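Colleague: What follows is run.cif, mmCIF, N, CA and C atoms.
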```
data_target
#
loop_
_atom_site.group_PDB
_atom_site.id
_atom_site.type_symbol
_atom_site.label_atom_id
_atom_site.label_comp_id
_atom_site.auth_asym_id
_atom_site.auth_seq_id
_atom_site.Cartn_x
_atom_site.Cartn_y
_atom_site.Cartn_z
ATOM 1 N N MET A 1 114.410 88.886 88.978
ATOM 2 C CA MET A 1 114.336 89.203 90.394
ATOM 3 C C MET A 1 113.232 88.394 91.050
ATOM 4 N N LYS A 2 113.398 88.191 92.333
ATOM 5 C CA LYS A 2 112.451 87.409 93.115
ATOM 6 C C LYS A 2 111.538 88.346 93.914
ATOM 7 N N VAL A 3 110.268 87.982 94.012
ATOM 8 C CA VAL A 3 109.335 88.739 94.849
ATOM 9 C C VAL A 3 109.667 88.447 96.309
ATOM 10 N N ASN A 4 110.010 89.497 97.042
ATOM 11 C CA ASN A 4 110.341 89.377 98.460
ATOM 12 C C ASN A 4 109.317 90.054 99.365
ATOM 13 N N ALA A 5 108.357 90.758 98.752
ATOM 14 C CA ALA A 5 107.325 91.454 99.520
ATOM 15 C C ALA A 5 106.084 91.632 98.654
ATOM 16 N N TYR A 6 104.935 91.627 99.319
ATOM 17 C CA TYR A 6 103.661 91.888 98.641
ATOM 18 C C TYR A 6 102.955 93.044 99.319
ATOM 19 N N LEU A 7 102.400 93.900 98.497
ATOM 20 C CA LEU A 7 101.497 94.946 98.955
ATOM 21 C C LEU A 7 100.110 94.518 98.505
ATOM 22 N N GLU A 8 99.219 94.332 99.477
ATOM 23 C CA GLU A 8 97.852 93.907 99.186
ATOM 24 C C GLU A 8 96.909 95.047 99.549
ATOM 25 N N ILE A 9 96.136 95.482 98.573
ATOM 26 C CA ILE A 9 95.125 96.504 98.817
ATOM 27 C C ILE A 9 93.768 95.873 98.539
ATOM 28 N N THR A 10 92.956 95.754 99.588
ATOM 29 C CA THR A 10 91.637 95.146 99.488
ATOM 30 C C THR A 10 90.591 96.251 99.551
ATOM 31 N N MET A 11 89.715 96.257 98.542
ATOM 32 C CA MET A 11 88.731 97.330 98.421
ATOM 33 C C MET A 11 87.317 96.760 98.309
ATOM 34 N N LYS A 12 86.393 97.396 98.988
ATOM 35 C CA LYS A 12 84.968 97.106 98.822
ATOM 36 C C LYS A 12 84.476 98.013 97.702
ATOM 37 N N ILE A 13 84.128 97.391 96.586
ATOM 38 C CA ILE A 13 83.656 98.138 95.421
ATOM 39 C C ILE A 13 82.366 97.481 94.937
ATOM 40 N N ASN A 14 81.305 98.276 94.863
ATOM 41 C CA ASN A 14 80.014 97.760 94.399
ATOM 42 C C ASN A 14 80.142 97.236 92.971
ATOM 43 N N ASN A 15 79.319 96.263 92.634
ATOM 44 C CA ASN A 15 79.355 95.671 91.291
ATOM 45 C C ASN A 15 79.232 96.716 90.190
ATOM 46 N N ALA A 16 78.435 97.733 90.419
ATOM 47 C CA ALA A 16 78.233 98.767 89.407
ATOM 48 C C ALA A 16 79.511 99.551 89.115
ATOM 49 N N ASN A 17 80.454 99.566 90.055
ATOM 50 C CA ASN A 17 81.700 100.320 89.897
ATOM 51 C C ASN A 17 82.896 99.457 89.522
ATOM 52 N N ARG A 18 82.712 98.172 89.407
ATOM 53 C CA ARG A 18 83.854 97.281 89.179
ATOM 54 C C ARG A 18 84.482 97.435 87.802
ATOM 55 N N THR A 19 83.708 97.755 86.796
ATOM 56 C CA THR A 19 84.289 97.980 85.467
ATOM 57 C C THR A 19 85.206 99.197 85.502
ATOM 58 N N ALA A 20 84.789 100.240 86.187
ATOM 59 C CA ALA A 20 85.622 101.441 86.313
ATOM 60 C C ALA A 20 86.890 101.135 87.115
ATOM 61 N N ALA A 21 86.772 100.320 88.146
ATOM 62 C CA ALA A 21 87.948 99.940 88.940
ATOM 63 C C ALA A 21 88.914 99.111 88.100
ATOM 64 N N ALA A 22 88.399 98.206 87.289
ATOM 65 C CA ALA A 22 89.245 97.396 86.415
ATOM 66 C C ALA A 22 89.969 98.282 85.403
ATOM 67 N N LYS A 23 89.326 99.343 84.959
ATOM 68 C CA LYS A 23 89.973 100.273 84.025
ATOM 69 C C LYS A 23 91.141 100.994 84.693
ATOM 70 N N VAL A 24 90.964 101.412 85.938
ATOM 71 C CA VAL A 24 92.063 102.053 86.669
ATOM 72 C C VAL A 24 93.230 101.072 86.781
ATOM 73 N N TYR A 25 92.923 99.828 87.129
ATOM 74 C CA TYR A 25 93.966 98.798 87.209
ATOM 75 C C TYR A 25 94.684 98.665 85.867
ATOM 76 N N SER A 26 93.935 98.531 84.794
ATOM 77 C CA SER A 26 94.528 98.349 83.460
ATOM 78 C C SER A 26 95.343 99.560 83.024
ATOM 79 N N ASP A 27 94.821 100.736 83.289
ATOM 80 C CA ASP A 27 95.506 101.964 82.868
ATOM 81 C C ASP A 27 96.865 102.145 83.544
ATOM 82 N N TYR A 28 96.974 101.728 84.797
ATOM 83 C CA TYR A 28 98.186 102.011 85.557
ATOM 84 C C TYR A 28 99.058 100.786 85.823
ATOM 85 N N ARG A 29 98.654 99.616 85.346
ATOM 86 C CA ARG A 29 99.466 98.415 85.573
ATOM 87 C C ARG A 29 100.853 98.552 84.948
ATOM 88 N N GLN A 30 100.930 98.871 83.667
ATOM 89 C CA GLN A 30 102.232 98.944 83.004
ATOM 90 C C GLN A 30 103.078 100.107 83.509
ATOM 91 N N PRO A 31 102.509 101.301 83.709
ATOM 92 C CA PRO A 31 103.321 102.367 84.305
ATOM 93 C C PRO A 31 103.881 101.977 85.682
ATOM 94 N N PHE A 32 103.099 101.244 86.460
ATOM 95 C CA PHE A 32 103.581 100.742 87.752
ATOM 96 C C PHE A 32 104.799 99.850 87.546
ATOM 97 N N LEU A 33 104.680 98.882 86.658
ATOM 98 C CA LEU A 33 105.774 97.943 86.421
ATOM 99 C C LEU A 33 106.997 98.626 85.805
ATOM 100 N N ASP A 34 106.771 99.648 84.984
ATOM 101 C CA ASP A 34 107.868 100.320 84.287
ATOM 102 C C ASP A 34 108.584 101.384 85.120
ATOM 103 N N THR A 35 107.874 102.011 86.066
ATOM 104 C CA THR A 35 108.461 103.184 86.716
ATOM 105 C C THR A 35 108.653 103.084 88.222
ATOM 106 N N ILE A 36 108.009 102.157 88.876
ATOM 107 C CA ILE A 36 108.107 102.091 90.341
ATOM 108 C C ILE A 36 109.293 101.208 90.736
ATOM 109 N N LYS A 37 110.158 101.754 91.546
ATOM 110 C CA LYS A 37 111.358 101.035 91.981
ATOM 111 C C LYS A 37 110.980 99.734 92.682
ATOM 112 N N GLY A 38 111.554 98.640 92.210
ATOM 113 C CA GLY A 38 111.360 97.338 92.831
ATOM 114 C C GLY A 38 110.073 96.626 92.473
ATOM 115 N N ALA A 39 109.241 97.230 91.634
ATOM 116 C CA ALA A 39 107.964 96.599 91.250
ATOM 117 C C ALA A 39 108.220 95.431 90.311
ATOM 118 N N LEU A 40 107.611 94.281 90.622
ATOM 119 C CA LEU A 40 107.819 93.073 89.823
ATOM 120 C C LEU A 40 106.538 92.498 89.242
ATOM 121 N N THR A 41 105.442 92.567 89.993
ATOM 122 C CA THR A 41 104.172 92.001 89.530
ATOM 123 C C THR A 41 103.022 92.871 90.016
ATOM 124 N N LYS A 42 101.886 92.736 89.341
ATOM 125 C CA LYS A 42 100.659 93.409 89.779
ATOM 126 C C LYS A 42 99.494 92.598 89.242
ATOM 127 N N ASP A 43 98.638 92.123 90.149
ATOM 128 C CA ASP A 43 97.503 91.280 89.763
ATOM 129 C C ASP A 43 96.218 91.795 90.387
ATOM 130 N N LEU A 44 95.140 91.687 89.634
ATOM 131 C CA LEU A 44 93.805 92.064 90.094
ATOM 132 C C LEU A 44 93.069 90.787 90.470
ATOM 133 N N LEU A 45 92.605 90.713 91.708
ATOM 134 C CA LEU A 45 91.884 89.554 92.221
ATOM 135 C C LEU A 45 90.469 89.987 92.575
ATOM 136 N N ILE A 46 89.487 89.265 92.074
ATOM 137 C CA ILE A 46 88.089 89.665 92.265
ATOM 138 C C ILE A 46 87.322 88.554 92.968
ATOM 139 N N ARG A 47 86.596 88.938 94.012
ATOM 140 C CA ARG A 47 85.672 88.043 94.713
ATOM 141 C C ARG A 47 84.335 88.755 94.807
ATOM 142 N N ASP A 48 83.298 88.016 95.161
ATOM 143 C CA ASP A 48 81.987 88.643 95.320
ATOM 144 C C ASP A 48 82.027 89.754 96.363
ATOM 145 N N GLU A 49 82.770 89.536 97.445
ATOM 146 C CA GLU A 49 82.748 90.480 98.562
ATOM 147 C C GLU A 49 83.749 91.630 98.444
ATOM 148 N N ASP A 50 84.790 91.483 97.610
ATOM 149 C CA ASP A 50 85.764 92.563 97.496
ATOM 150 C C ASP A 50 86.637 92.392 96.257
ATOM 151 N N VAL A 51 87.491 93.382 96.067
ATOM 152 C CA VAL A 51 88.460 93.387 94.971
ATOM 153 C C VAL A 51 89.822 93.626 95.606
ATOM 154 N N GLN A 52 90.824 92.870 95.178
ATOM 155 C CA GLN A 52 92.176 93.058 95.698
ATOM 156 C C GLN A 52 93.130 93.330 94.553
ATOM 157 N N VAL A 53 94.098 94.182 94.840
ATOM 158 C CA VAL A 53 95.217 94.344 93.931
ATOM 159 C C VAL A 53 96.445 93.887 94.710
ATOM 160 N N LEU A 54 97.123 92.899 94.154
ATOM 161 C CA LEU A 54 98.294 92.310 94.788
ATOM 162 C C LEU A 54 99.529 92.728 93.996
ATOM 163 N N HIS A 55 100.404 93.473 94.653
ATOM 164 C CA HIS A 55 101.616 94.015 94.038
ATOM 165 C C HIS A 55 102.815 93.243 94.570
ATOM 166 N N GLY A 56 103.667 92.754 93.686
ATOM 167 C CA GLY A 56 104.887 92.076 94.103
ATOM 168 C C GLY A 56 106.077 93.016 93.980
ATOM 169 N N PHE A 57 106.919 93.042 95.023
ATOM 170 C CA PHE A 57 108.090 93.915 95.067
ATOM 171 C C PHE A 57 109.335 93.129 95.440
ATOM 172 N N ASP A 58 110.476 93.732 95.166
ATOM 173 C CA ASP A 58 111.737 93.123 95.552
ATOM 174 C C ASP A 58 112.065 93.335 97.024
ATOM 175 N N SER A 59 111.383 94.293 97.687
ATOM 176 C CA SER A 59 111.639 94.555 99.111
ATOM 177 C C SER A 59 110.424 95.205 99.768
ATOM 178 N N VAL A 60 110.344 95.055 101.079
ATOM 179 C CA VAL A 60 109.292 95.705 101.864
ATOM 180 C C VAL A 60 109.432 97.215 101.750
ATOM 181 N N GLU A 61 110.662 97.711 101.749
ATOM 182 C CA GLU A 61 110.903 99.149 101.665
ATOM 183 C C GLU A 61 110.334 99.746 100.374
ATOM 184 N N ASN A 62 110.511 99.037 99.254
ATOM 185 C CA ASN A 62 109.971 99.538 97.990
ATOM 186 C C ASN A 62 108.449 99.446 97.955
ATOM 187 N N ALA A 63 107.877 98.445 98.606
ATOM 188 C CA ALA A 63 106.412 98.341 98.709
ATOM 189 C C ALA A 63 105.866 99.537 99.484
ATOM 190 N N GLN A 64 106.514 99.868 100.591
ATOM 191 C CA GLN A 64 106.087 101.012 101.398
ATOM 192 C C GLN A 64 106.263 102.320 100.632
ATOM 193 N N ALA A 65 107.345 102.434 99.913
ATOM 194 C CA ALA A 65 107.623 103.664 99.163
ATOM 195 C C ALA A 65 106.578 103.899 98.075
ATOM 196 N N TYR A 66 106.064 102.837 97.472
ATOM 197 C CA TYR A 66 105.051 102.989 96.420
ATOM 198 C C TYR A 66 103.827 103.743 96.924
ATOM 199 N N LEU A 67 103.439 103.514 98.167
ATOM 200 C CA LEU A 67 102.258 104.176 98.722
ATOM 201 C C LEU A 67 102.432 105.694 98.804
ATOM 202 N N ASN A 68 103.671 106.164 98.764
ATOM 203 C CA ASN A 68 103.957 107.600 98.787
ATOM 204 C C ASN A 68 104.375 108.141 97.429
ATOM 205 N N SER A 69 104.331 107.299 96.409
ATOM 206 C CA SER A 69 104.760 107.719 95.072
ATOM 207 C C SER A 69 103.706 108.612 94.410
ATOM 208 N N ASP A 70 104.156 109.421 93.459
ATOM 209 C CA ASP A 70 103.230 110.265 92.704
ATOM 210 C C ASP A 70 102.221 109.426 91.933
ATOM 211 N N LEU A 71 102.657 108.308 91.360
ATOM 212 C CA LEU A 71 101.745 107.442 90.608
ATOM 213 C C LEU A 71 100.600 106.972 91.487
ATOM 214 N N PHE A 72 100.908 106.540 92.703
ATOM 215 C CA PHE A 72 99.856 106.063 93.593
ATOM 216 C C PHE A 72 98.979 107.211 94.086
ATOM 217 N N LYS A 73 99.610 108.249 94.617
ATOM 218 C CA LYS A 73 98.845 109.345 95.239
ATOM 219 C C LYS A 73 98.057 110.175 94.240
ATOM 220 N N ASN A 74 98.622 110.437 93.080
ATOM 221 C CA ASN A 74 97.994 111.369 92.139
ATOM 222 C C ASN A 74 97.173 110.703 91.039
ATOM 223 N N ASP A 75 97.375 109.417 90.813
ATOM 224 C CA ASP A 75 96.685 108.741 89.717
ATOM 225 C C ASP A 75 95.816 107.586 90.215
ATOM 226 N N VAL A 76 96.447 106.568 90.778
ATOM 227 C CA VAL A 76 95.715 105.371 91.197
ATOM 228 C C VAL A 76 94.709 105.704 92.293
ATOM 229 N N PHE A 77 95.163 106.349 93.358
ATOM 230 C CA PHE A 77 94.294 106.687 94.480
ATOM 231 C C PHE A 77 93.139 107.579 94.035
ATOM 232 N N VAL A 78 93.451 108.591 93.255
ATOM 233 C CA VAL A 78 92.426 109.526 92.767
ATOM 234 C C VAL A 78 91.398 108.797 91.902
ATOM 235 N N GLY A 79 91.845 107.851 91.094
ATOM 236 C CA GLY A 79 90.935 107.107 90.231
ATOM 237 C C GLY A 79 90.043 106.135 90.973
ATOM 238 N N LEU A 80 90.570 105.552 92.062
ATOM 239 C CA LEU A 80 89.813 104.528 92.786
ATOM 240 C C LEU A 80 88.947 105.060 93.919
ATOM 241 N N LYS A 81 89.357 106.121 94.555
ATOM 242 C CA LYS A 81 88.657 106.601 95.756
ATOM 243 C C LYS A 81 87.144 106.777 95.560
ATOM 244 N N PRO A 82 86.677 107.363 94.461
ATOM 245 C CA PRO A 82 85.226 107.528 94.314
ATOM 246 C C PRO A 82 84.473 106.195 94.149
ATOM 247 N N LEU A 83 85.197 105.116 93.903
ATOM 248 C CA LEU A 83 84.558 103.818 93.660
ATOM 249 C C LEU A 83 84.413 102.979 94.921
ATOM 250 N N TRP A 84 85.086 103.346 96.005
ATOM 251 C CA TRP A 84 85.051 102.571 97.241
ATOM 252 C C TRP A 84 83.737 102.768 97.973
ATOM 253 N N SER A 85 83.232 101.694 98.568
ATOM 254 C CA SER A 85 82.082 101.822 99.454
ATOM 255 C C SER A 85 82.538 101.937 100.914
ATOM 256 N N GLU A 86 83.829 101.704 101.173
ATOM 257 C CA GLU A 86 84.459 101.959 102.468
ATOM 258 C C GLU A 86 85.968 102.061 102.236
ATOM 259 N N ASP A 87 86.692 102.554 103.238
ATOM 260 C CA ASP A 87 88.137 102.704 103.079
ATOM 261 C C ASP A 87 88.794 101.352 102.817
ATOM 262 N N PRO A 88 89.840 101.327 101.998
ATOM 263 C CA PRO A 88 90.513 100.070 101.687
ATOM 264 C C PRO A 88 91.356 99.568 102.860
ATOM 265 N N ASN A 89 91.664 98.294 102.805
ATOM 266 C CA ASN A 89 92.547 97.656 103.785
ATOM 267 C C ASN A 89 93.886 97.447 103.075
ATOM 268 N N VAL A 90 94.946 98.009 103.629
ATOM 269 C CA VAL A 90 96.277 97.951 103.008
ATOM 270 C C VAL A 90 97.197 97.154 103.917
ATOM 271 N N LYS A 91 97.840 96.133 103.348
ATOM 272 C CA LYS A 91 98.779 95.294 104.105
ATOM 273 C C LYS A 91 100.029 95.058 103.272
ATOM 274 N N ILE A 92 101.160 94.992 103.964
ATOM 275 C CA ILE A 92 102.420 94.639 103.325
ATOM 276 C C ILE A 92 102.933 93.368 103.992
ATOM 277 N N TYR A 93 103.287 92.391 103.167
ATOM 278 C CA TYR A 93 103.785 91.109 103.639
ATOM 279 C C TYR A 93 105.226 90.916 103.193
ATOM 280 N N SER A 94 106.017 90.316 104.038
ATOM 281 C CA SER A 94 107.370 89.925 103.689
ATOM 282 C C SER A 94 107.357 88.438 103.331
ATOM 283 N N VAL A 95 108.026 88.073 102.259
ATOM 284 C CA VAL A 95 108.099 86.675 101.848
ATOM 285 C C VAL A 95 109.287 86.042 102.570
ATOM 286 N N VAL A 96 109.038 84.889 103.205
ATOM 287 C CA VAL A 96 110.132 84.174 103.890
ATOM 288 C C VAL A 96 110.484 82.896 103.193
#
```
Any chance you could give the structure as structure tokens?
Modeller:
Amino acid sequence: MKVNAYLEITMKINNANRTAAAKVYSDYRQPFLDTIKGALTKDLLIRDEDVQVLHGFDSVENAQAYLNSDLFKNDVFVGLKPLWSEDPNVKIYSVV
């Protein structure tokens, strides 16, 4: 399948919390790929100023649906929220 949409979540996470954030990413990467409808890729991108998780989907609709999934709301969000120094920036892009 081809990636037709990206969900980008950009988070401000202090250096002291980045190992814990990477663990959340690692713990839920495979369950995301195995159980979320339309999920194709998931990558962790790290810069000095922020951390991004870039999710590839087969459609914009499936990218949007992931944000309401039990995996996101009950596991990923709960694991990451205490690590943020401010609210994350969430964007969905359509590939043309």
Colleague: Hey, which of A:Val95, A:Glu86, A:Lys81, A:Leu40 ends up closest to Thr10 (chain A)? Count all atoms listed in the file.
Modeller: A:Glu86
Colleague: Quick check, in Å to one decimal: how far apart do CA of Gln64 (chain A) and atom N of Val51 (chain A) lie?
Modeller: 20.8 Å
Colleague: Could you tell me how far atom N of Met1 (chain A) sits from CA of Val90 (chain A), in Å to one decimal place?
Modeller: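 Answer for the CA of Val90 (chain A) to atom N of Met1 (chain A) separation: 24.7 Å.
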Colleague: Going by DSSP on the backbone, which residues of region 37-85 of chain A come out as strand (DSSP E)? List them as a list of chain:residue names.
Modeller: A:Ala39, A:Leu40, A:Thr41, A:Lys42, A:Asp43, A:Leu44, A:Leu45, A:Ile46, A:Val51, A:Gln52, A:Val53, A:Leu54, A:His55, A:Gly56, A:Phe57
Colleague: Out of A:Gln52, A:Ala20, A:Ser26, A:Glu8, which residue has the shortest atom-to-atom distance to Tyr66 (chain A) when counting only C-alpha atoms?
Modeller: A:Glu8
Colleague: Which residues in region 38-76 of chain A does DSSP call alpha helix (DSSP H)? List them as a list in words.
Modeller: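 The alpha helix (DSSP H) residues within region 38-76 of chain A come out as Val60, Glu61, Asn62, Ala63, Gln64, Ala65, Tyr66 and Asp70 of chain A.
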Colleague: Please list as a PyMOL selection string every residue within 8 Å of Gly56 (chain A), counting only C-alpha atoms and excluding residues in the same chain fewer than 5 positions away.
Modeller: chain A and resi 3-7+39-42+63
Colleague: Quick one: residues within 12 Å of Gly79 (chain A), only C-alpha atoms counted, chain neighbours fewer than 2 positions away excluded, as a ChimeraX atom specification?
Modeller: /A:17,20-28,71-77,81-84
Colleague: Work out where the centre of an axis-aligned box around every listed atom of region 70-87 of chain A lies and how long its edges are once 4 Å is added on each side; give both in Å to one decimal as JSON.
Modeller:
```
{"center_x": 93.1, "center_y": 106.4, "center_z": 96.5, "size_x": 30.1, "size_y": 18.0, "size_z": 21.5}
```
Colleague: Tell me, in Å to one decimal, how far CA of Asn62 (chain A) is from CA of Ile36 (chain A).
Modeller: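 Separation of CA of Asn62 (chain A) and CA of Ile36 (chain A): 8.3 Å.
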Colleague: Pull out every residue that the PyMOL selection byres ((chain A and resi 11) around 6.5) matches in the shown coordinates and put them as a list in words.
Modeller: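 That selection, the PyMOL selection byres ((chain A and resi 11) around 6.5), comes back as Ile9, Thr10, Lys12, Ile13, Glu49, Asp50, Val51, Gln52, Val53, Trp84, Ser85, Asp87, Pro88 and Asn89 of chain A.
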Colleague: Can I get the selected residues back with N, CA and C atoms, as an mmCIF file, keeping the file's coordinate frame?
Modeller:
```cif
data_model
loop_
_atom_site.group_PDB
_atom_site.id
_atom_site.type_symbol
_atom_site.label_atom_id
_atom_site.label_comp_id
_atom_site.auth_asym_id
_atom_site.auth_seq_id
_atom_site.Cartn_x
_atom_site.Cartn_y
_atom_site.Cartn_z
ATOM 1 N N ILE A 9 96.136 95.482 98.573
ATOM 2 C CA ILE A 9 95.125 96.504 98.817
ATOM 3 C C ILE A 9 93.768 95.873 98.539
ATOM 4 N N THR A 10 92.956 95.754 99.588
ATOM 5 C CA THR A 10 91.637 95.146 99.488
ATOM 6 C C THR A 10 90.591 96.251 99.551
ATOM 7 N N LYS A 12 86.393 97.396 98.988
ATOM 8 C CA LYS A 12 84.968 97.106 98.822
ATOM 9 C C LYS A 12 84.476 98.013 97.702
ATOM 10 N N ILE A 13 84.128 97.391 96.586
ATOM 11 C CA ILE A 13 83.656 98.138 95.421
ATOM 12 C C ILE A 13 82.366 97.481 94.937
ATOM 13 N N GLU A 49 82.770 89.536 97.445
ATOM 14 C CA GLU A 49 82.748 90.480 98.562
ATOM 15 C C GLU A 49 83.749 91.630 98.444
ATOM 16 N N ASP A 50 84.790 91.483 97.610
ATOM 17 C CA ASP A 50 85.764 92.563 97.496
ATOM 18 C C ASP A 50 86.637 92.392 96.257
ATOM 19 N N VAL A 51 87.491 93.382 96.067
ATOM 20 C CA VAL A 51 88.460 93.387 94.971
ATOM 21 C C VAL A 51 89.822 93.626 95.606
ATOM 22 N N GLN A 52 90.824 92.870 95.178
ATOM 23 C CA GLN A 52 92.176 93.058 95.698
ATOM 24 C C GLN A 52 93.130 93.330 94.553
ATOM 25 N N VAL A 53 94.098 94.182 94.840
ATOM 26 C CA VAL A 53 95.217 94.344 93.931
ATOM 27 C C VAL A 53 96.445 93.887 94.710
ATOM 28 N N TRP A 84 85.086 103.346 96.005
ATOM 29 C CA TRP A 84 85.051 102.571 97.241
ATOM 30 C C TRP A 84 83.737 102.768 97.973
ATOM 31 N N SER A 85 83.232 101.694 98.568
ATOM 32 C CA SER A 85 82.082 101.822 99.454
ATOM 33 C C SER A 85 82.538 101.937 100.914
ATOM 34 N N ASP A 87 86.692 102.554 103.238
ATOM 35 C CA ASP A 87 88.137 102.704 103.079
ATOM 36 C C ASP A 87 88.794 101.352 102.817
ATOM 37 N N PRO A 88 89.840 101.327 101.998
ATOM 38 C CA PRO A 88 90.513 100.070 101.687
ATOM 39 C C PRO A 88 91.356 99.568 102.860
ATOM 40 N N ASN A 89 91.664 98.294 102.805
ATOM 41 C CA ASN A 89 92.547 97.656 103.785
ATOM 42 C C ASN A 89 93.886 97.447 103.075
#
```
Colleague: Smallest atom-to-atom distance to Thr35 (chain A): which of A:Ser69, A:Ile92, A:Asp48, A:Lys2, using only C-alpha atoms?
Modeller: A:Ser69
Colleague: Using all atoms listed in the file, find the one residue out of A:Asn68, A:Val96, A:Asp58, A:Ala16 that sits nearest to Lys37 (chain A).
Modeller: A:Asp58
Colleague: Pick the closest to Ser94 (chain A) from A:Val78, A:Val60, A:Leu33, A:Leu67: which is it, counting only N, CA and C atoms?
Modeller: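 Of the candidates, the smallest distance to Ser94 (chain A) is held by A:Val60.
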Colleague: Can you patch up region 57-73 of chain A, filling it in to N, CA, C and O atoms, and show the result as an mmCIF file, in the coordinates of the input?
Modeller:
```
data_model
loop_
_atom_site.group_PDB
_atom_site.id
_atom_site.type_symbol
_atom_site.label_atom_id
_atom_site.label_comp_id
_atom_site.auth_asym_id
_atom_site.auth_seq_id
_atom_site.Cartn_x
_atom_site.Cartn_y
_atom_site.Cartn_z
ATOM 1 N N PHE A 57 106.919 93.042 95.023
ATOM 2 C CA PHE A 57 108.090 93.915 95.067
ATOM 3 C C PHE A 57 109.335 93.129 95.440
ATOM 4 O O PHE A 57 109.248 92.064 96.043
ATOM 5 N N ASP A 58 110.476 93.732 95.166
ATOM 6 C CA ASP A 58 111.737 93.123 95.552
ATOM 7 C C ASP A 58 112.065 93.335 97.024
ATOM 8 O O ASP A 58 112.902 92.647 97.584
ATOM 9 N N SER A 59 111.383 94.293 97.687
ATOM 10 C CA SER A 59 111.639 94.555 99.111
ATOM 11 C C SER A 59 110.424 95.205 99.768
ATOM 12 O O SER A 59 109.614 95.851 99.096
ATOM 13 N N VAL A 60 110.344 95.055 101.079
ATOM 14 C CA VAL A 60 109.292 95.705 101.864
ATOM 15 C C VAL A 60 109.432 97.215 101.750
ATOM 16 O O VAL A 60 108.434 97.935 101.642
ATOM 17 N N GLU A 61 110.662 97.711 101.749
ATOM 18 C CA GLU A 61 110.903 99.149 101.665
ATOM 19 C C GLU A 61 110.334 99.746 100.374
ATOM 20 O O GLU A 61 109.726 100.819 100.397
ATOM 21 N N ASN A 62 110.511 99.037 99.254
ATOM 22 C CA ASN A 62 109.971 99.538 97.990
ATOM 23 C C ASN A 62 108.449 99.446 97.955
ATOM 24 O O ASN A 62 107.789 100.300 97.353
ATOM 25 N N ALA A 63 107.877 98.445 98.606
ATOM 26 C CA ALA A 63 106.412 98.341 98.709
ATOM 27 C C ALA A 63 105.866 99.537 99.484
ATOM 28 O O ALA A 63 104.879 100.163 99.076
ATOM 29 N N GLN A 64 106.514 99.868 100.591
ATOM 30 C CA GLN A 64 106.087 101.012 101.398
ATOM 31 C C GLN A 64 106.263 102.320 100.632
ATOM 32 O O GLN A 64 105.398 103.201 100.684
ATOM 33 N N ALA A 65 107.345 102.434 99.913
ATOM 34 C CA ALA A 65 107.623 103.664 99.163
ATOM 35 C C ALA A 65 106.578 103.899 98.075
ATOM 36 O O ALA A 65 106.228 105.050 97.789
ATOM 37 N N TYR A 66 106.064 102.837 97.472
ATOM 38 C CA TYR A 66 105.051 102.989 96.420
ATOM 39 C C TYR A 66 103.827 103.743 96.924
ATOM 40 O O TYR A 66 103.245 104.558 96.206
ATOM 41 N N LEU A 67 103.439 103.514 98.167
ATOM 42 C CA LEU A 67 102.258 104.176 98.722
ATOM 43 C C LEU A 67 102.432 105.694 98.804
ATOM 44 O O LEU A 67 101.447 106.425 98.896
ATOM 45 N N ASN A 68 103.671 106.164 98.764
ATOM 46 C CA ASN A 68 103.957 107.600 98.787
ATOM 47 C C ASN A 68 104.375 108.141 97.429
ATOM 48 O O ASN A 68 104.726 109.313 97.315
ATOM 49 N N SER A 69 104.331 107.299 96.409
ATOM 50 C CA SER A 69 104.760 107.719 95.072
ATOM 51 C C SER A 69 103.706 108.612 94.410
ATOM 52 O O SER A 69 102.522 108.561 94.751
ATOM 53 N N ASP A 70 104.156 109.421 93.459
ATOM 54 C CA ASP A 70 103.230 110.265 92.704
ATOM 55 C C ASP A 70 102.221 109.426 91.933
ATOM 56 O O ASP A 70 101.042 109.780 91.863
ATOM 57 N N LEU A 71 102.657 108.308 91.360
ATOM 58 C CA LEU A 71 101.745 107.442 90.608
ATOM 59 C C LEU A 71 100.600 106.972 91.487
ATOM 60 O O LEU A 71 99.439 107.014 91.089
ATOM 61 N N PHE A 72 100.908 106.540 92.703
ATOM 62 C CA PHE A 72 99.856 106.063 93.593
ATOM 63 C C PHE A 72 98.979 107.211 94.086
ATOM 64 O O PHE A 72 97.756 107.167 93.975
ATOM 65 N N LYS A 73 99.610 108.249 94.617
ATOM 66 C CA LYS A 73 98.845 109.345 95.239
ATOM 67 C C LYS A 73 98.057 110.175 94.240
ATOM 68 O O LYS A 73 96.929 110.583 94.539
#
```
